[in-house]
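Chemist: Pasting in a structure now, in structure tokens, and then I'll have a few things to ask.
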Amino acid sequence: MSALAKEQGAINLSQGFPEFDAPDKLLKHAKKAMNAGMNQYAPMAGLPSLREQVSGQLEAYGTSYDPESEITITAGATQAIFTAVNALVKEDDEVIIFTPAYDCYAPAVEMAGGSAIYIQLKCPDYRIDWDEVRKVVNRKTRMIILNTPHNPTGMCMDENDLKELEKIVEDSDIIVLSDEVYEHIVFDGKQHASCARSPILAAQSLIVGSFGKTYHLTGWKIGYIAAPEALMTEFRKVHQYNVFCVNHPLQYAIAEFMKEDGGHVAELSSFYQKKRDLFIDALDGSRFELIPAEGTYFQLLNYSQIVDADDTEVAKQWTANPGIASIPVSVFYHNPIQEHVLRFCFAKSDETLVKAAEVLKTL
């Protein structure tokens, strides 16, 4: 869709990347590191200084992770997820995935020889039905993959969801892989429901984070994964041979910036909530139906009152005319479901968001 948007000269609210740059101090730290000669291999598990910063940040959720043995820096969240699945899932294992789902989960499971078991989140609120989860859990269930805040829907799990998950995995060998890349982008006073908030879940979970999402650096492809030592040991056995290590100077830059962070993380939710609200307010008077996103930087819009057509075709047509690019939500399902919903990224300048809303209001 980004390629089509470029071809058509459309406003691009499709692919999830910010239209603005990272904090200037962070970029200066990267330049300093390169000039200082930090251009050779980093330690396999990541720079100790960065792992220490991640550990300190995770303590806010109530769980302490040993930087030496329980945190690994990864080449983005996608690599962390792929490596975790391939380290811990074997042939004939079953992995529960909630759809619509980010597109890297199922391929990783299939490459590991496992089977994806899909549970559909229902439009419009996309909450998890834990009774459905209990029905599919069996002796073959090896892993449950979570994503909160959720891409593409913007749904956020809550404390009750964590309690329901605890009941399912406690006293079992089920591993939870929790994709929490939007952990710092949660709206309306909600609290991020990290698996690290639960001692039961933390003991059986691998938690994935993304510096790209937090610091507007999606092109740096640096993330992290945190897990108990036993799980991390298995993770690193695969990580060592499919990545070995991650960009050295950029790890240093992030670590230094985290040490002196003057409020970037604390202000991130309010920063993006203002953009969400600006976009929604600017759509007032349009024919779209929406529920404000609870987190992430994506907003779903239901176009049922405008046209009755396949969302993929609508997304393509509207990219050409009137010139606004989005992502059809049906592509996030294993079997495409037509709910007439498109995903729009609001990690853009205020000017772009207002302009995009004006275009959408013409439909």
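Quick note on naming: the chains in the structure tokens go A, B, ... in the order shown, residues restart at 1 in each chain, and ligands are numbered from 1 in order of appearance.
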Could you go through segment 29-130 of chain A and tell me which residues DSSP, when run on the backbone, assigns to alpha helix (DSSP H), listing them as an MDAnalysis selection string?
Modeler: chainID A and resid 29:35 48:58 76:88 105:111 130
Chemist: Emit the selected residues as a PDB file, in the first residue's frame, including C-alpha atoms.
Modeler:
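For reference, out-v8.pdb as written:
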ATOM      1  CA  HIS A  29      24.381   9.819  20.537  1.00  0.00           C
ATOM      2  CA  ALA A  30      24.322   7.563  17.451  1.00  0.00           C
ATOM      3  CA  LYS A  31      26.713   9.854  15.573  1.00  0.00           C
ATOM      4  CA  LYS A  32      28.976  10.048  18.623  1.00  0.00           C
ATOM      5  CA  ALA A  33      29.112   6.253  18.889  1.00  0.00           C
ATOM      6  CA  MET A  34      30.024   5.811  15.223  1.00  0.00           C
ATOM      7  CA  ASN A  35      32.708   8.486  15.404  1.00  0.00           C
ATOM      8  CA  PRO A  48      25.095  -4.591  28.930  1.00  0.00           C
ATOM      9  CA  SER A  49      24.248  -0.901  29.405  1.00  0.00           C
ATOM     10  CA  LEU A  50      21.144  -1.221  27.210  1.00  0.00           C
ATOM     11  CA  ARG A  51      20.018  -4.444  28.873  1.00  0.00           C
ATOM     12  CA  GLU A  52      20.342  -2.711  32.235  1.00  0.00           C
ATOM     13  CA  GLN A  53      18.140   0.139  31.050  1.00  0.00           C
ATOM     14  CA  VAL A  54      15.512  -2.298  29.782  1.00  0.00           C
ATOM     15  CA  SER A  55      15.581  -4.156  33.091  1.00  0.00           C
ATOM     16  CA  GLY A  56      15.021  -0.933  34.994  1.00  0.00           C
ATOM     17  CA  GLN A  57      12.126   0.001  32.753  1.00  0.00           C
ATOM     18  CA  LEU A  58      10.449  -3.392  33.147  1.00  0.00           C
ATOM     19  CA  GLY A  76      13.573  -5.566  15.905  1.00  0.00           C
ATOM     20  CA  ALA A  77      10.486  -7.163  17.432  1.00  0.00           C
ATOM     21  CA  THR A  78       9.798  -9.338  14.393  1.00  0.00           C
ATOM     22  CA  GLN A  79      13.141 -11.103  14.792  1.00  0.00           C
ATOM     23  CA  ALA A  80      12.448 -11.575  18.496  1.00  0.00           C
ATOM     24  CA  ILE A  81       9.094 -13.187  17.733  1.00  0.00           C
ATOM     25  CA  PHE A  82      10.463 -15.429  14.967  1.00  0.00           C
ATOM     26  CA  THR A  83      13.369 -16.552  17.134  1.00  0.00           C
ATOM     27  CA  ALA A  84      11.187 -17.218  20.187  1.00  0.00           C
ATOM     28  CA  VAL A  85       8.785 -19.373  18.195  1.00  0.00           C
ATOM     29  CA  ASN A  86      11.540 -21.338  16.481  1.00  0.00           C
ATOM     30  CA  ALA A  87      13.383 -21.862  19.757  1.00  0.00           C
ATOM     31  CA  LEU A  88      10.386 -23.193  21.659  1.00  0.00           C
ATOM     32  CA  TYR A 105       3.059 -14.750  13.827  1.00  0.00           C
ATOM     33  CA  ALA A 106       1.640 -17.579  11.715  1.00  0.00           C
ATOM     34  CA  PRO A 107       4.594 -17.888   9.297  1.00  0.00           C
ATOM     35  CA  ALA A 108       6.978 -18.293  12.251  1.00  0.00           C
ATOM     36  CA  VAL A 109       4.794 -21.065  13.683  1.00  0.00           C
ATOM     37  CA  GLU A 110       4.584 -22.831  10.321  1.00  0.00           C
ATOM     38  CA  MET A 111       8.355 -22.652   9.783  1.00  0.00           C
ATOM     39  CA  TRP A 130     -11.520 -16.540  27.149  1.00  0.00           C
TER      40      TRP A 130
END
Chemist: Contacts of Phe288 of chain A at 8 Å or less, counting only C-alpha atoms, minus same-chain residues fewer than 6 places along, as a list in words?
Modeler: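 Contacts, in chain order: Leu301, Asn302, Tyr303, Ser304, Gln305 and Ile306 of chain A.
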Chemist: When you count only C-alpha atoms, which of these residues is closest to Leu342 of chain A: A:Phe279, A:Phe235, A:Phe298, A:Tyr118?
Modeler: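 Among the listed residues, the smallest separation from Leu342 of chain A belongs to A:Phe298.
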Chemist: Might you pull out every residue within 9 Å of segment 180-184 of chain A, with only C-alpha atoms counted and same-chain residues fewer than 5 positions away left off, and present them as a PyMOL selection string?
Modeler: chain A and resi 77+146-151+192-194+207-214+223+265-269+295-297
Chemist: Using only C-alpha atoms, I'd like a table of the residues in segment 237-256 of chain A that come within 12 Å of segment 224-231 of chain A; for each, show the closest atom pair and its distance in Å rounded to one decimal, ordered by chain and ascending number, as a tab-separated table.
Modeler:
residue	atom	partner	partner_atom	distance
A:Lys237	CA	A:Leu231	CA	10.3
A:Val238	CA	A:Leu231	CA	11.6
A:His239	CA	A:Ile225	CA	11.0
A:Cys245	CA	A:Tyr224	CA	11.8
A:Val246	CA	A:Tyr224	CA	10.4
A:Gln251	CA	A:Tyr224	CA	10.8
A:Ile254	CA	A:Tyr224	CA	11.9
Chemist: Can you spit out the residues from that selection as a compact mmCIF listing (two decimals), in the first residue's frame, using N, CA, C and O atoms?
Modeler:
# COMPACT_ATOMS: atom_id res chain seq x y z
N LYS A 237 19.95 -19.73 21.99
CA LYS A 237 20.52 -20.79 21.16
C LYS A 237 20.19 -20.57 19.69
O LYS A 237 20.98 -20.92 18.81
N VAL A 238 19.02 -20.00 19.43
CA VAL A 238 18.62 -19.70 18.05
C VAL A 238 19.09 -18.30 17.65
O VAL A 238 19.62 -18.09 16.56
N HIS A 239 18.94 -17.35 18.54
CA HIS A 239 19.35 -15.97 18.28
C HIS A 239 20.82 -15.90 17.84
O HIS A 239 21.18 -15.16 16.92
N CYS A 245 24.31 -10.79 16.67
CA CYS A 245 24.26 -9.56 17.46
C CYS A 245 23.57 -8.47 16.68
O CYS A 245 23.28 -8.62 15.49
N VAL A 246 23.34 -7.35 17.35
CA VAL A 246 22.56 -6.25 16.79
C VAL A 246 23.42 -5.00 16.71
O VAL A 246 24.37 -4.83 17.47
N GLN A 251 22.69 0.65 19.48
CA GLN A 251 22.40 0.17 20.84
C GLN A 251 22.95 1.15 21.87
O GLN A 251 22.28 1.49 22.85
N ILE A 254 20.77 4.33 22.08
CA ILE A 254 19.52 4.14 22.80
C ILE A 254 19.77 4.05 24.30
O ILE A 254 19.05 4.64 25.10
